[in-house]
Every structure is written in structure tokens, then in C-alpha cells.
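Colleague: Provided herewith: my_file.txt, compact mmCIF, C-alpha atoms.
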# COMPACT_ATOMS: atom_id res chain seq x y z
CA MET E 20 -109.34 10.08 -76.96
CA THR E 21 -106.45 10.99 -79.26
CA SER E 22 -104.89 8.32 -81.43
CA LEU E 23 -101.64 8.42 -79.49
CA ALA E 24 -103.50 7.86 -76.22
CA LEU E 25 -105.41 5.00 -77.87
CA LEU E 26 -102.16 3.42 -79.07
CA TRP E 27 -100.79 3.56 -75.54
CA ARG E 28 -103.99 2.27 -73.95
CA PHE E 29 -104.33 -0.69 -76.30
CA ALA E 30 -100.63 -1.50 -75.91
CA SER E 31 -101.30 -1.80 -72.18
CA PHE E 32 -104.27 -4.07 -72.98
CA GLY E 33 -102.05 -6.14 -75.27
CA ILE E 34 -99.49 -6.76 -72.58
CA LEU E 35 -102.24 -7.82 -70.15
CA CYS E 36 -103.85 -10.33 -72.53
CA PHE E 37 -102.65 -13.52 -70.90
CA GLY E 38 -104.43 -16.45 -72.48
CA GLY E 39 -105.44 -14.79 -75.72
CA GLY E 40 -107.96 -12.30 -77.09
CA TYR E 41 -110.82 -13.12 -74.74
CA MET E 42 -108.97 -11.22 -72.04
CA LEU E 43 -109.69 -8.10 -74.01
CA VAL E 44 -113.41 -8.44 -73.15
CA PRO E 45 -113.12 -7.63 -69.41
CA LEU E 46 -110.42 -5.00 -70.06
CA LEU E 47 -112.48 -3.23 -72.74
CA PHE E 48 -115.70 -3.50 -70.73
CA ASN E 49 -114.02 -1.87 -67.77
CA ASP E 50 -112.74 0.95 -69.96
CA LEU E 51 -115.63 1.64 -72.38
CA VAL E 52 -118.68 0.74 -70.27
CA THR E 53 -118.04 1.04 -66.53
CA GLY E 54 -115.12 3.50 -66.85
CA ARG E 55 -115.64 6.19 -69.44
CA LYS E 56 -119.24 5.24 -70.32
CA ILE E 57 -118.70 5.53 -74.07
CA LEU E 58 -120.94 2.53 -74.78
CA ASP E 59 -123.77 0.98 -72.80
CA ALA E 60 -123.63 -2.72 -71.96
CA VAL E 61 -125.83 -3.80 -74.88
CA GLN E 62 -123.77 -1.82 -77.40
CA PHE E 63 -120.67 -3.43 -75.94
CA GLY E 64 -122.28 -6.85 -76.29
CA ASN E 65 -123.00 -6.05 -79.94
CA LEU E 66 -119.39 -4.97 -80.47
CA VAL E 67 -118.10 -8.31 -79.20
CA SER E 68 -120.78 -10.10 -81.24
CA VAL E 69 -119.62 -8.40 -84.45
CA ALA E 70 -116.01 -9.21 -83.53
CA GLN E 71 -116.99 -12.83 -83.04
CA LEU E 72 -119.07 -13.07 -86.20
CA THR E 73 -116.45 -11.68 -88.56
CA PRO E 74 -113.38 -13.63 -89.69
CA GLY E 75 -110.06 -13.14 -87.94
CA PRO E 76 -108.89 -13.01 -84.34
CA VAL E 77 -111.60 -11.73 -81.97
CA GLY E 78 -109.17 -9.43 -80.17
CA ILE E 79 -108.05 -7.69 -83.36
CA ASN E 80 -111.64 -7.27 -84.51
CA ALA E 81 -112.77 -5.81 -81.19
CA ALA E 82 -109.80 -3.43 -81.01
CA THR E 83 -110.37 -2.15 -84.56
CA TYR E 84 -114.06 -1.54 -83.82
CA ALA E 85 -113.44 0.14 -80.47
CA GLY E 86 -110.74 2.34 -81.99
CA PHE E 87 -113.11 3.39 -84.78
CA ILE E 88 -115.81 4.33 -82.28
CA GLU E 89 -113.35 6.49 -80.37
CA ASN E 90 -111.55 8.26 -83.18
CA GLY E 91 -112.58 7.09 -86.65
CA PHE E 92 -110.05 5.60 -89.05
CA PRO E 93 -106.90 6.87 -87.23
CA GLY E 94 -108.36 5.53 -84.01
CA SER E 95 -108.84 2.05 -85.42
CA VAL E 96 -105.26 2.01 -86.77
CA ALA E 97 -103.91 3.18 -83.41
CA ALA E 98 -105.93 0.67 -81.36
CA THR E 99 -105.03 -2.30 -83.56
CA ALA E 100 -101.35 -1.36 -83.81
CA GLY E 101 -101.24 -0.76 -80.06
CA LEU E 102 -102.78 -4.14 -79.29
CA VAL E 103 -100.21 -6.09 -81.33
CA LEU E 104 -97.15 -3.96 -80.48
CA PRO E 105 -96.22 -5.75 -77.21
CA THR E 106 -96.83 -9.11 -78.91
CA LEU E 107 -94.53 -8.16 -81.77
CA ILE E 108 -91.70 -7.09 -79.47
CA LEU E 109 -92.07 -9.92 -76.93
CA SER E 110 -92.47 -12.71 -79.47
CA MET E 111 -89.47 -11.48 -81.45
CA LEU E 112 -87.36 -11.41 -78.29
CA ALA E 113 -88.62 -14.90 -77.48
CA VAL E 114 -87.50 -16.26 -80.85
CA LEU E 115 -84.18 -14.44 -80.61
CA GLY E 116 -83.22 -16.43 -77.55
CA LEU E 117 -85.32 -15.45 -74.58
CA HIS E 118 -87.29 -18.67 -75.02
CA LYS E 119 -84.69 -20.47 -72.95
CA TYR E 120 -85.98 -18.49 -69.96
CA ARG E 121 -89.43 -19.93 -70.45
CA LYS E 122 -88.81 -22.50 -67.73
CA SER E 123 -87.05 -20.03 -65.43
CA PHE E 124 -88.33 -19.21 -61.96
CA ALA E 125 -89.31 -15.63 -62.88
CA VAL E 126 -91.35 -16.53 -65.98
CA GLN E 127 -93.02 -19.55 -64.36
CA GLY E 128 -93.71 -17.53 -61.19
CA ILE E 129 -95.31 -14.70 -63.16
CA LEU E 130 -97.46 -17.20 -65.06
CA THR E 131 -98.45 -18.94 -61.81
CA GLY E 132 -99.96 -15.67 -60.65
CA VAL E 133 -101.25 -14.24 -63.89
CA ARG E 134 -103.07 -17.35 -65.15
CA PRO E 135 -105.52 -17.70 -62.24
CA ALA E 136 -106.07 -13.92 -62.34
CA ALA E 137 -106.88 -14.20 -66.06
CA LEU E 138 -109.24 -17.05 -65.21
CA GLY E 139 -111.07 -14.83 -62.71
CA LEU E 140 -111.45 -12.20 -65.43
CA VAL E 141 -112.81 -14.71 -67.94
CA PHE E 142 -115.45 -15.64 -65.34
CA TYR E 143 -116.17 -11.92 -65.08
CA ALA E 144 -116.59 -11.79 -68.87
CA SER E 145 -118.95 -14.78 -68.56
CA ILE E 146 -121.06 -12.91 -66.03
CA ILE E 147 -121.15 -9.82 -68.25
CA PHE E 148 -122.38 -11.88 -71.19
CA LEU E 149 -124.89 -13.87 -69.16
CA GLY E 150 -126.26 -10.51 -68.03
CA LEU E 151 -126.51 -9.45 -71.68
CA SER E 152 -128.40 -12.57 -72.73
CA VAL E 153 -129.90 -15.06 -70.30
CA PHE E 154 -130.42 -12.74 -67.31
CA PRO E 155 -131.39 -9.37 -68.79
CA GLY E 156 -132.34 -7.96 -65.39
CA GLY E 157 -128.86 -8.63 -64.03
CA ILE E 158 -127.24 -11.62 -62.41
CA PRO E 159 -129.13 -13.26 -59.52
CA TRP E 160 -126.49 -13.03 -56.78
CA ARG E 161 -126.98 -9.30 -56.25
CA SER E 162 -130.69 -9.93 -55.77
CA PHE E 163 -129.88 -12.74 -53.34
CA LEU E 164 -127.60 -10.45 -51.39
CA HIS E 165 -130.33 -7.88 -51.07
CA GLY E 166 -132.82 -10.48 -49.96
CA CYS E 167 -135.13 -9.99 -52.89
CA PHE E 168 -135.21 -10.83 -56.55
CA GLY E 169 -135.33 -7.21 -57.74
CA ASP E 170 -135.86 -7.16 -61.47
CA PHE E 171 -134.20 -10.54 -61.90
CA ARG E 172 -135.70 -12.43 -64.81
CA ILE E 173 -134.77 -15.07 -67.30
CA ASP E 174 -134.88 -14.56 -71.04
CA TRP E 175 -136.07 -18.01 -72.07
CA ILE E 176 -135.14 -17.73 -75.75
CA SER E 177 -131.60 -16.70 -74.82
CA LEU E 178 -131.46 -19.52 -72.27
CA ALA E 179 -132.46 -22.02 -74.96
CA ILE E 180 -129.81 -20.71 -77.42
CA PHE E 181 -127.22 -20.55 -74.65
CA SER E 182 -127.88 -24.15 -73.57
CA ALA E 183 -127.95 -25.48 -77.13
CA VAL E 184 -124.63 -23.82 -78.02
CA PHE E 185 -123.05 -24.80 -74.70
CA ILE E 186 -123.96 -28.46 -75.11
CA ALA E 187 -122.92 -28.52 -78.78
CA LEU E 188 -119.56 -26.93 -77.92
CA ASN E 189 -118.75 -29.52 -75.30
CA LYS E 190 -120.35 -32.64 -76.74
CA THR E 191 -119.94 -32.33 -80.49
CA LYS E 192 -117.15 -31.36 -82.86
CA ILE E 193 -119.06 -28.46 -84.46
CA SER E 194 -116.78 -25.42 -84.62
CA ALA E 195 -117.42 -22.37 -82.49
CA PRO E 196 -118.02 -19.96 -85.42
CA ALA E 197 -120.61 -22.32 -86.92
CA LEU E 198 -122.40 -22.40 -83.58
CA ILE E 199 -122.41 -18.62 -83.33
CA LEU E 200 -123.89 -18.37 -86.81
CA GLY E 201 -126.45 -20.92 -85.61
CA GLY E 202 -127.22 -18.69 -82.63
CA ALA E 203 -127.66 -15.73 -84.98
CA ALA E 204 -130.04 -17.73 -87.18
CA LEU E 205 -132.08 -18.93 -84.19
CA GLY E 206 -132.28 -15.39 -82.85
CA ALA E 207 -133.44 -14.03 -86.20
CA LEU E 208 -135.98 -16.82 -86.53
CA THR E 209 -137.55 -16.12 -83.13
CA ALA E 210 -137.62 -12.39 -83.92
CA LEU E 211 -139.55 -13.07 -87.13
CA LEU E 212 -142.09 -15.40 -85.51
CA MET H 22 -84.60 -10.89 -102.93
CA LYS H 23 -85.10 -14.22 -101.23
CA ILE H 24 -86.21 -12.37 -98.10
CA LEU H 25 -88.67 -10.23 -100.05
CA ARG H 26 -90.16 -13.32 -101.67
CA ARG H 27 -90.49 -15.05 -98.32
CA CYS H 28 -92.09 -11.94 -96.80
CA LEU H 29 -94.70 -11.94 -99.55
CA ILE H 30 -95.39 -15.64 -98.97
CA LEU H 31 -95.76 -14.98 -95.23
CA PHE H 32 -98.03 -11.99 -95.72
CA TRP H 33 -100.24 -13.86 -98.16
CA ALA H 34 -100.42 -17.05 -96.08
CA PHE H 35 -101.38 -15.26 -92.88
CA ALA H 36 -103.87 -13.01 -94.66
CA LYS H 37 -105.49 -16.16 -96.05
CA ILE H 38 -105.48 -17.85 -92.64
CA ALA H 39 -106.94 -14.82 -90.86
CA ALA H 40 -109.59 -14.27 -93.52
CA VAL H 41 -110.76 -17.87 -93.56
CA VAL H 42 -110.30 -19.12 -90.01
CA LEU H 43 -113.08 -17.65 -87.92
CA GLY H 44 -112.52 -17.31 -84.21
CA GLY H 45 -108.74 -17.01 -84.32
CA GLY H 46 -106.50 -18.39 -81.61
CA LEU H 47 -105.16 -21.90 -81.92
CA ALA H 48 -107.87 -22.72 -84.47
CA MET H 49 -105.29 -21.59 -87.03
CA LEU H 50 -102.71 -24.14 -85.86
CA PRO H 51 -103.55 -26.94 -88.32
CA VAL H 52 -103.62 -24.42 -91.18
CA ILE H 53 -100.19 -23.05 -90.19
CA GLU H 54 -98.88 -26.61 -90.06
CA GLU H 55 -100.26 -27.36 -93.52
CA GLU H 56 -98.97 -24.12 -94.99
CA PHE H 57 -95.45 -23.89 -93.48
CA SER H 58 -94.55 -27.40 -92.45
CA VAL H 59 -96.19 -29.75 -94.96
CA ARG H 60 -96.40 -27.78 -98.22
CA LYS H 61 -93.30 -25.67 -97.63
CA LYS H 62 -90.64 -27.09 -95.37
CA TYR H 63 -89.98 -23.87 -93.45
CA LEU H 64 -90.85 -25.19 -90.00
CA SER H 65 -90.08 -28.48 -88.29
CA ARG H 66 -92.41 -30.29 -85.90
CA ASP H 67 -90.36 -29.02 -82.99
CA ASP H 68 -90.76 -25.45 -84.28
CA LEU H 69 -94.52 -25.89 -84.29
CA LEU H 70 -94.54 -27.25 -80.74
CA GLU H 71 -92.36 -24.37 -79.61
CA MET H 72 -94.72 -21.94 -81.34
CA VAL H 73 -97.70 -23.31 -79.41
CA ALA H 74 -95.80 -23.14 -76.12
CA LEU H 75 -94.59 -19.59 -76.73
CA SER H 76 -97.91 -18.29 -78.03
CA GLN H 77 -99.41 -19.25 -74.71
CA THR H 78 -96.56 -17.86 -72.60
CA VAL H 79 -96.16 -14.48 -74.27
CA PRO H 80 -99.11 -12.16 -73.54
CA GLY H 81 -101.21 -10.92 -76.45
CA ILE H 82 -103.51 -12.17 -79.18
CA ILE H 83 -102.56 -15.82 -79.81
CA ALA H 84 -102.91 -15.49 -83.58
CA ALA H 85 -100.54 -12.51 -83.59
CA ASN H 86 -98.05 -14.39 -81.40
CA CYS H 87 -98.07 -17.28 -83.89
CA ALA H 88 -97.66 -14.93 -86.87
CA VAL H 89 -94.66 -13.19 -85.32
CA TYR H 90 -93.08 -16.51 -84.38
CA VAL H 91 -93.47 -18.04 -87.84
CA GLY H 92 -92.40 -14.82 -89.58
CA MET H 93 -89.30 -14.54 -87.42
CA LYS H 94 -88.29 -18.15 -88.09
CA VAL H 95 -88.86 -17.95 -91.84
CA ALA H 96 -87.53 -14.48 -92.70
CA GLY H 97 -86.36 -12.64 -89.59
CA PHE H 98 -87.59 -9.22 -88.50
CA PHE H 99 -89.22 -8.26 -91.79
CA GLY H 100 -90.82 -11.69 -91.97
CA ALA H 101 -92.38 -11.12 -88.55
CA LEU H 102 -93.73 -7.76 -89.67
CA ALA H 103 -95.09 -9.19 -92.94
CA ALA H 104 -96.80 -12.12 -91.22
CA LEU H 105 -98.30 -9.91 -88.51
CA LEU H 106 -99.56 -7.42 -91.08
CA GLY H 107 -101.11 -10.31 -93.00
CA ALA H 108 -102.82 -11.65 -89.89
CA VAL H 109 -104.23 -8.23 -89.00
CA LEU H 110 -105.21 -6.71 -92.34
CA PRO H 111 -108.28 -8.81 -93.35
CA SER H 112 -109.88 -8.38 -89.91
CA PHE H 113 -109.06 -4.72 -89.90
CA THR H 114 -110.60 -4.11 -93.33
CA VAL H 115 -113.80 -6.06 -92.68
CA ILE H 116 -114.40 -4.43 -89.31
CA LEU H 117 -113.71 -1.00 -90.74
CA LEU H 118 -116.37 -1.51 -93.40
CA ILE H 119 -118.89 -2.68 -90.79
CA ALA H 120 -118.02 0.16 -88.41
CA VAL H 121 -118.53 2.79 -91.11
CA PHE H 122 -122.09 1.60 -91.77
CA PHE H 123 -122.95 0.58 -88.23
CA PRO H 124 -121.11 3.04 -86.00
CA ARG H 125 -123.16 3.16 -82.82
CA LEU H 126 -123.94 -0.53 -82.56
CA ASP H 127 -127.63 -0.09 -81.79
CA PRO H 128 -129.57 -1.92 -84.45
CA HIS H 129 -133.12 -0.81 -85.25
CA ASN H 130 -133.51 -3.11 -88.20
CA ALA H 131 -136.05 -5.81 -87.23
CA LEU H 132 -133.82 -8.65 -88.36
CA LEU H 133 -130.76 -7.35 -86.52
CA VAL H 134 -132.79 -6.88 -83.35
CA GLY H 135 -133.25 -10.65 -83.40
CA VAL H 136 -129.76 -11.56 -84.61
CA PHE H 137 -127.85 -9.75 -81.89
CA PRO H 138 -129.54 -11.24 -78.81
CA GLY H 139 -129.08 -14.65 -80.44
CA VAL H 140 -125.38 -14.02 -81.03
CA ARG H 141 -124.93 -12.62 -77.54
CA ALA H 142 -126.41 -15.81 -76.07
CA ALA H 143 -124.09 -17.92 -78.26
CA VAL H 144 -121.07 -15.81 -77.30
CA ALA H 145 -122.06 -16.19 -73.63
CA ALA H 146 -121.99 -19.97 -74.09
CA LEU H 147 -118.59 -19.72 -75.77
CA ILE H 148 -117.08 -17.61 -72.99
CA VAL H 149 -118.59 -19.76 -70.21
CA SER H 150 -117.16 -22.94 -71.72
CA THR H 151 -113.80 -21.22 -72.23
CA ALA H 152 -113.92 -20.34 -68.53
CA PHE H 153 -114.64 -23.97 -67.56
CA ARG H 154 -111.94 -25.32 -69.87
CA MET H 155 -109.44 -22.81 -68.47
CA THR H 156 -110.40 -23.82 -64.92
CA LYS H 157 -109.40 -27.41 -65.62
CA LYS H 158 -106.09 -26.31 -67.11
CA VAL H 159 -105.18 -23.57 -64.63
CA CYS H 160 -106.41 -24.79 -61.24
CA ARG H 161 -103.65 -27.04 -59.96
CA GLY H 162 -104.26 -26.29 -56.30
CA ALA H 163 -105.95 -24.17 -53.64
CA PHE H 164 -103.76 -21.19 -54.58
CA GLU H 165 -105.17 -20.91 -58.10
CA ILE H 166 -108.77 -21.26 -56.93
CA ALA H 167 -108.33 -18.67 -54.17
CA LEU H 168 -106.58 -16.15 -56.44
CA GLY H 169 -109.10 -16.62 -59.26
CA ALA H 170 -112.02 -16.18 -56.87
CA ALA H 171 -110.44 -13.12 -55.26
CA VAL H 172 -109.90 -11.50 -58.67
CA LEU H 173 -113.49 -12.23 -59.68
CA ILE H 174 -114.92 -10.70 -56.49
CA LEU H 175 -112.68 -7.62 -56.76
CA VAL H 176 -113.42 -6.99 -60.43
CA LEU H 177 -117.16 -7.29 -59.74
CA ASN H 178 -116.65 -4.54 -57.19
CA ARG H 179 -115.18 -2.24 -59.82
CA VAL H 180 -111.49 -2.81 -59.21
CA ASN H 181 -109.52 -2.22 -62.43
CA PRO H 182 -108.91 -5.61 -64.13
CA GLY H 183 -105.48 -4.56 -65.43
CA LEU H 184 -104.40 -3.68 -61.91
CA LEU H 185 -105.58 -7.09 -60.72
CA ILE H 186 -103.47 -8.89 -63.35
CA VAL H 187 -100.37 -6.93 -62.38
CA SER H 188 -100.99 -7.39 -58.63
CA SER H 189 -101.29 -11.14 -59.08
CA ILE H 190 -97.61 -11.39 -60.11
CA PRO H 191 -96.03 -11.20 -56.61
CA PHE H 192 -98.53 -13.79 -55.35
CA GLY H 193 -97.59 -16.07 -58.23
CA LEU H 194 -93.86 -15.72 -57.54
CA LEU H 195 -94.47 -16.49 -53.87
CA ALA H 196 -96.65 -19.53 -54.61
CA ARG H 197 -94.08 -20.81 -57.10
CA LYS H 198 -91.29 -20.44 -54.55
CA ILE H 199 -93.25 -22.28 -51.87
CA ARG H 200 -94.09 -25.09 -54.29
CA LEU H 201 -90.48 -25.48 -55.40
CA GLN H 202 -89.36 -25.62 -51.77
CA LYS H 203 -91.96 -28.27 -50.99
CA GLU H 204 -90.76 -30.31 -53.97
CA GLU H 205 -87.19 -30.09 -52.69
CA VAL H 206 -88.21 -31.30 -49.24
CA GLN H 207 -89.94 -34.34 -50.68
Translate this structure into C-alpha cells?

Modeller:
Amino acid sequence: MTSLALLWRFASFGILCFGGGYMLVPLLFNDLVTGRKILDAVQFGNLVSVAQLTPGPVGINAATYAGFIENGFPGSVAATAGLVLPTLILSMLAVLGLHKYRKSFAVQGILTGVRPAALGLVFYASIIFLGLSVFPGGIPWRSFLHGCFGDFRIDWISLAIFSAVFIALNKTKISAPALILGGAALGALTALL
Amino acid sequence: MKILRRCLILFWAFAKIAAVVLGGGLAMLPVIEEEFSVRKKYLSRDDLLEMVALSQTVPGIIAANCAVYVGMKVAGFFGALAALLGAVLPSFTVILLIAVFFPRLDPHNALLVGVFPGVRAAVAALIVSTAFRMTKKVCRGAFEIALGAAVLILVLNRVNPGLLIVSSIPFGLLARKIRLQKEEVQ
């Protein structure tokens, strides 16, 4: 993909990111994995993992990486610039006076529709990542639909890390990045044993 | 000259924030408050509240939304550019270095083989709890649940997620109108 096409594509992703950078996960997955098949699901999972493990906004990290995979250095510049371009324009307009329309019917109506849609997509991202960790054979419901368990299986180590991080996130004040580093350490430890 | 100085301050502050605050999003809020409201009196409390509200209304990376907002308030258009560049540059540089050495994302190194499944499991937990937290915030009625579920089912059946976001807008406008009418009746 040329850099100009990348700029355009990531600008369209940027304008669709309602509710922050996590929205980029379903959009990118649809493009890179199910759409153009540039990465397989595990490579995609690793991309998001790197984006999550490195400092800075997850969305920016993921866009830079994806852009590099597609077209080297110019690609990463184009993808990152594209992702923040709509934000730059819209936020500037908002400060310049459009913020008084925040409570208007049009803006509130758009948000009423877009927020639940974004929620559906975050659940989709959850399913993608559960399939990349806890359920390596795919998510159970497809097996249920076909009346058999297919190659459904549970990765018990992943399940343990998943549960530990999930509980810690919701019951303690440990920050998310610290927990992800913890997950990395646990994973490495089990690989060594 | 004053603008240039302020742009440099903005660039440097957001570069620092982006380089240190892992995870992004509203995790940077207390740091922004410390940097621009407590130490330097560029932003008032109301400005900060407005920033949070806007960063969640305007689509895009939340951290970038905040950077543009603060930059705009402190030093206008060039301030917005400087702050955004600051917020982006550390991430960009670090990822670029990693991507150069690790371009295809399939690790064969024994240690990395273990690290990545561990991180993927942790990221799964993070995304699942984000989904639950969002559910509590977003789902105010049957409309939100139905639309969210419909989007999930459609995207699982290979419908383009971007298309789904755009198509949800007319439904949202309709639901909003019906709700406003109901409120008027009451």
C-alpha cells in the first residue's frame, strides 16, 4: 500500500475511533488479518502486545507499527499522521467554538448511536484476544452452533494469567501497564520451566 | 517569541508525558493537571473538565485529543501542533526501533515465545474489563444493548466494522429523538 493510501486509510480509522485507541484493534484486525491477510492472527496479537508494552498511547504505537510493516519508514509516518489528522482538525474546531454544540441534538444523537456500536466492537476485540490466548482453538460458540466442540480447547496457563490480571485490574489499584509486564514475566517464567 | 517558548514547553511536556505514562488515554490526566494547572497556571479547573469531556466526544486517540486541546488553549494553532508532535514522537521512535529489529512479529527466541502468549493473555484481560466498564457507562436502555449486540453479531460475520460505526448514526439520532419526545411528554 502506498504511503498516501495509508495516510487516507488511517485517517478514516482515526475518525472512527470513538472511545479511544482500543477501537483501532477491531478496525486494524479487519483490515490486516481478515481483509488483506497481511498478518496472521498471532502476528496481529503480537503487534498489539508490543503496542501495549511500549510507552505512549496504544493507538499511536499500533499505527506506527502497522505502517512500518506495510511500507517501511514512510509508511509509519503516513499511518501515524493519518491517525491523528482528524483528531487535530476536530479538536481544534472544538476549542475554537464548536464545543457549544456538544449538547446539541445532532452531536448527542450521533454519540447515542456510535457509543453502543463502539461497545459492540470492543466486545469483538475481546473475542479476538480471547481466541489468541485462553481459547487457542477458537471461541466455543462456533463449536456449540455446529453441535460439536471441534478443536475447542483451553490454554490453562493463559487462563491463569488472564484471570489473575482481570481480578487485579478490577479489585486492586495496580496500574494496567504493571499488570501487563506481570503477564509478560509470568509467561516467560512458564516458558522457561 | 512568547509563542515559540510556549510551544517548546508544550512539546517537551507532552513528550515527557507520552514517554513516561504507559497505556495512554486518560491515564495522563493527573500528569497534565500537575504540569499545566498546578506548576504553570495555563489551565483552570474548568478547562481540565472541558478537556476530559471533549476528549471523549471527539473521535480519535484520547491522548492526542488532550494534547491538541491543551496546545490550542496555551498557544493556539502552533501550540496544538507542538503538543501533538510531542505526544506522538516518543511512541513513534520507540516503535520504529522495535519494528526495524522485529519486522514480522513472529518470535523464535525461546524467551519471547513465552513472553508474547503471557502478554496476549494480559491484554485480553485488559480489553475484556474495558468492555465491561464501557457496558456500564454506555448501556442506558434496551436500545444500547440491542445495537451493541447487533454490531457484535454483524462484525463476527465479517461485516466491515467501520461501516457498522457509520450505520449506527441514524439509529442513534432516531433513539435520541424518541427519548427527547418521551421526556417532553412526562

Colleague: Excluding Arg26 of chain H and residues on its chain fewer than 2 positions from it, collect all residues at most 12 Å away from it, counting all atoms listed in the file, and give them as a VMD selection string.

Modeller: chain H and resid 22 to 24 28 to 33 95 to 96 99 to 100 103

Colleague: Near segment 73-78 of chain H, counting all atoms listed in the file, which residues have an atom at most 12 Å away, once you skip same-chain residues fewer than 2 positions from it, shown as a PyMOL selection string?

Modeller: (chain E and resi 34-40+106-107+109-114+116-122+126-131+133-134) or (chain H and resi 46-51+53-54+66-71+80-91)

Colleague: Show me a table, sorted first by chain and then by increasing residue number, of the residues of chain H having an atom at most 6 Å from chain E, each with its shortest atom pair and the distance in Å to one decimal, counting only C-alpha atoms and written as CSV.

Modeller:
residue,atom,partner,partner_atom,distance
H:Ala39,CA,E:Gly75,CA,4.6
H:Ala40,CA,E:Pro74,CA,5.4
H:Leu43,CA,E:Pro74,CA,4.4
H:Gly44,CA,E:Pro76,CA,5.6
H:Gly45,CA,E:Pro76,CA,4.0
H:Pro80,CA,E:Phe37,CA,4.6
H:Gly81,CA,E:Cys36,CA,4.8
H:Ile82,CA,E:Gly39,CA,4.7
H:Ile83,CA,E:Gly39,CA,5.1
H:Asn86,CA,E:Thr106,CA,6.0
H:Ser112,CA,E:Gly75,CA,5.2
H:Leu126,CA,E:Gln62,CA,5.3
H:Leu132,CA,E:Ala207,CA,5.8
H:Gly135,CA,E:Ala207,CA,4.4
H:Val136,CA,E:Ala203,CA,4.7
H:Gly139,CA,E:Gly206,CA,4.1
H:Val140,CA,E:Ala203,CA,4.9
H:Arg141,CA,E:Ser152,CA,5.9
H:Ala142,CA,E:Phe181,CA,5.0
H:Ala143,CA,E:Ile199,CA,5.4
H:Ala145,CA,E:Phe148,CA,5.0
H:Ala146,CA,E:Phe185,CA,5.0
H:Ile148,CA,E:Ser145,CA,5.6
H:Val149,CA,E:Ser145,CA,5.3
H:Ala152,CA,E:Val141,CA,5.8
H:Glu165,CA,E:Pro135,CA,5.3
H:Gly169,CA,E:Gly139,CA,4.4
H:Val172,CA,E:Gly139,CA,5.4
H:Leu173,CA,E:Gly139,CA,4.7
H:Ile186,CA,E:Ala136,CA,5.8
H:Ser189,CA,E:Gly132,CA,5.0
H:Ile190,CA,E:Gly132,CA,4.9
H:Phe192,CA,E:Gly132,CA,5.8
H:Gly193,CA,E:Gly132,CA,3.4
H:Leu194,CA,E:Gly128,CA,4.1
H:Arg197,CA,E:Gly128,CA,5.3

Colleague: Go ahead and save the residues from that selection, with C-alpha atoms, as a compact mmCIF listing (two decimals), in the frame of the given file.

Modeller:
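Just written: part.txt:
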# COMPACT_ATOMS: atom_id res chain seq x y z
CA ALA H 39 -106.94 -14.82 -90.86
CA ALA H 40 -109.59 -14.27 -93.52
CA LEU H 43 -113.08 -17.65 -87.92
CA GLY H 44 -112.52 -17.31 -84.21
CA GLY H 45 -108.74 -17.01 -84.32
CA PRO H 80 -99.11 -12.16 -73.54
CA GLY H 81 -101.21 -10.92 -76.45
CA ILE H 82 -103.51 -12.17 -79.18
CA ILE H 83 -102.56 -15.82 -79.81
CA ASN H 86 -98.05 -14.39 -81.40
CA SER H 112 -109.88 -8.38 -89.91
CA LEU H 126 -123.94 -0.53 -82.56
CA LEU H 132 -133.82 -8.65 -88.36
CA GLY H 135 -133.25 -10.65 -83.40
CA VAL H 136 -129.76 -11.56 -84.61
CA GLY H 139 -129.08 -14.65 -80.44
CA VAL H 140 -125.38 -14.02 -81.03
CA ARG H 141 -124.93 -12.62 -77.54
CA ALA H 142 -126.41 -15.81 -76.07
CA ALA H 143 -124.09 -17.92 -78.26
CA ALA H 145 -122.06 -16.19 -73.63
CA ALA H 146 -121.99 -19.97 -74.09
CA ILE H 148 -117.08 -17.61 -72.99
CA VAL H 149 -118.59 -19.76 -70.21
CA ALA H 152 -113.92 -20.34 -68.53
CA GLU H 165 -105.17 -20.91 -58.10
CA GLY H 169 -109.10 -16.62 -59.26
CA VAL H 172 -109.90 -11.50 -58.67
CA LEU H 173 -113.49 -12.23 -59.68
CA ILE H 186 -103.47 -8.89 -63.35
CA SER H 189 -101.29 -11.14 -59.08
CA ILE H 190 -97.61 -11.39 -60.11
CA PHE H 192 -98.53 -13.79 -55.35
CA GLY H 193 -97.59 -16.07 -58.23
CA LEU H 194 -93.86 -15.72 -57.54
CA ARG H 197 -94.08 -20.81 -57.10

Colleague: Provide the atom CA of Leu175 of chain H to atom CA of Ile173 of chain E distance in Å, to one decimal place.

Modeller: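 Between these atoms lies a distance of 25.6 Å.
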
Colleague: Work out how far atom CA of Ser188 of chain H is from atom CA of Gly101 of chain E, in Å to one decimal.

Modeller: 22.4 Å

Colleague: Between atom CA of Leu201 of chain H and atom CA of Val159 of chain H, what distance in Å does the model show, to one decimal?

Modeller: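 Going from atom CA of Leu201 of chain H over to atom CA of Val159 of chain H covers 17.5 Å.
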
Colleague: Let me make sure I understand: among H:Ala108, H:Glu205, H:Arg125, H:Arg27, which one has the smallest atom-to-atom distance to Met93 of chain H if we use only C-alpha atoms?

Modeller: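 The shortest atom-to-atom distance to Met93 of chain H comes from H:Arg27.
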
Colleague: For Leu23 of chain E, which residue out of E:Ile57, E:Ala97, E:Leu51, E:Ile193 is the nearest one, using all atoms listed in the file?

Modeller: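 Distance minimum relative to Leu23 of chain E lands on E:Ala97.
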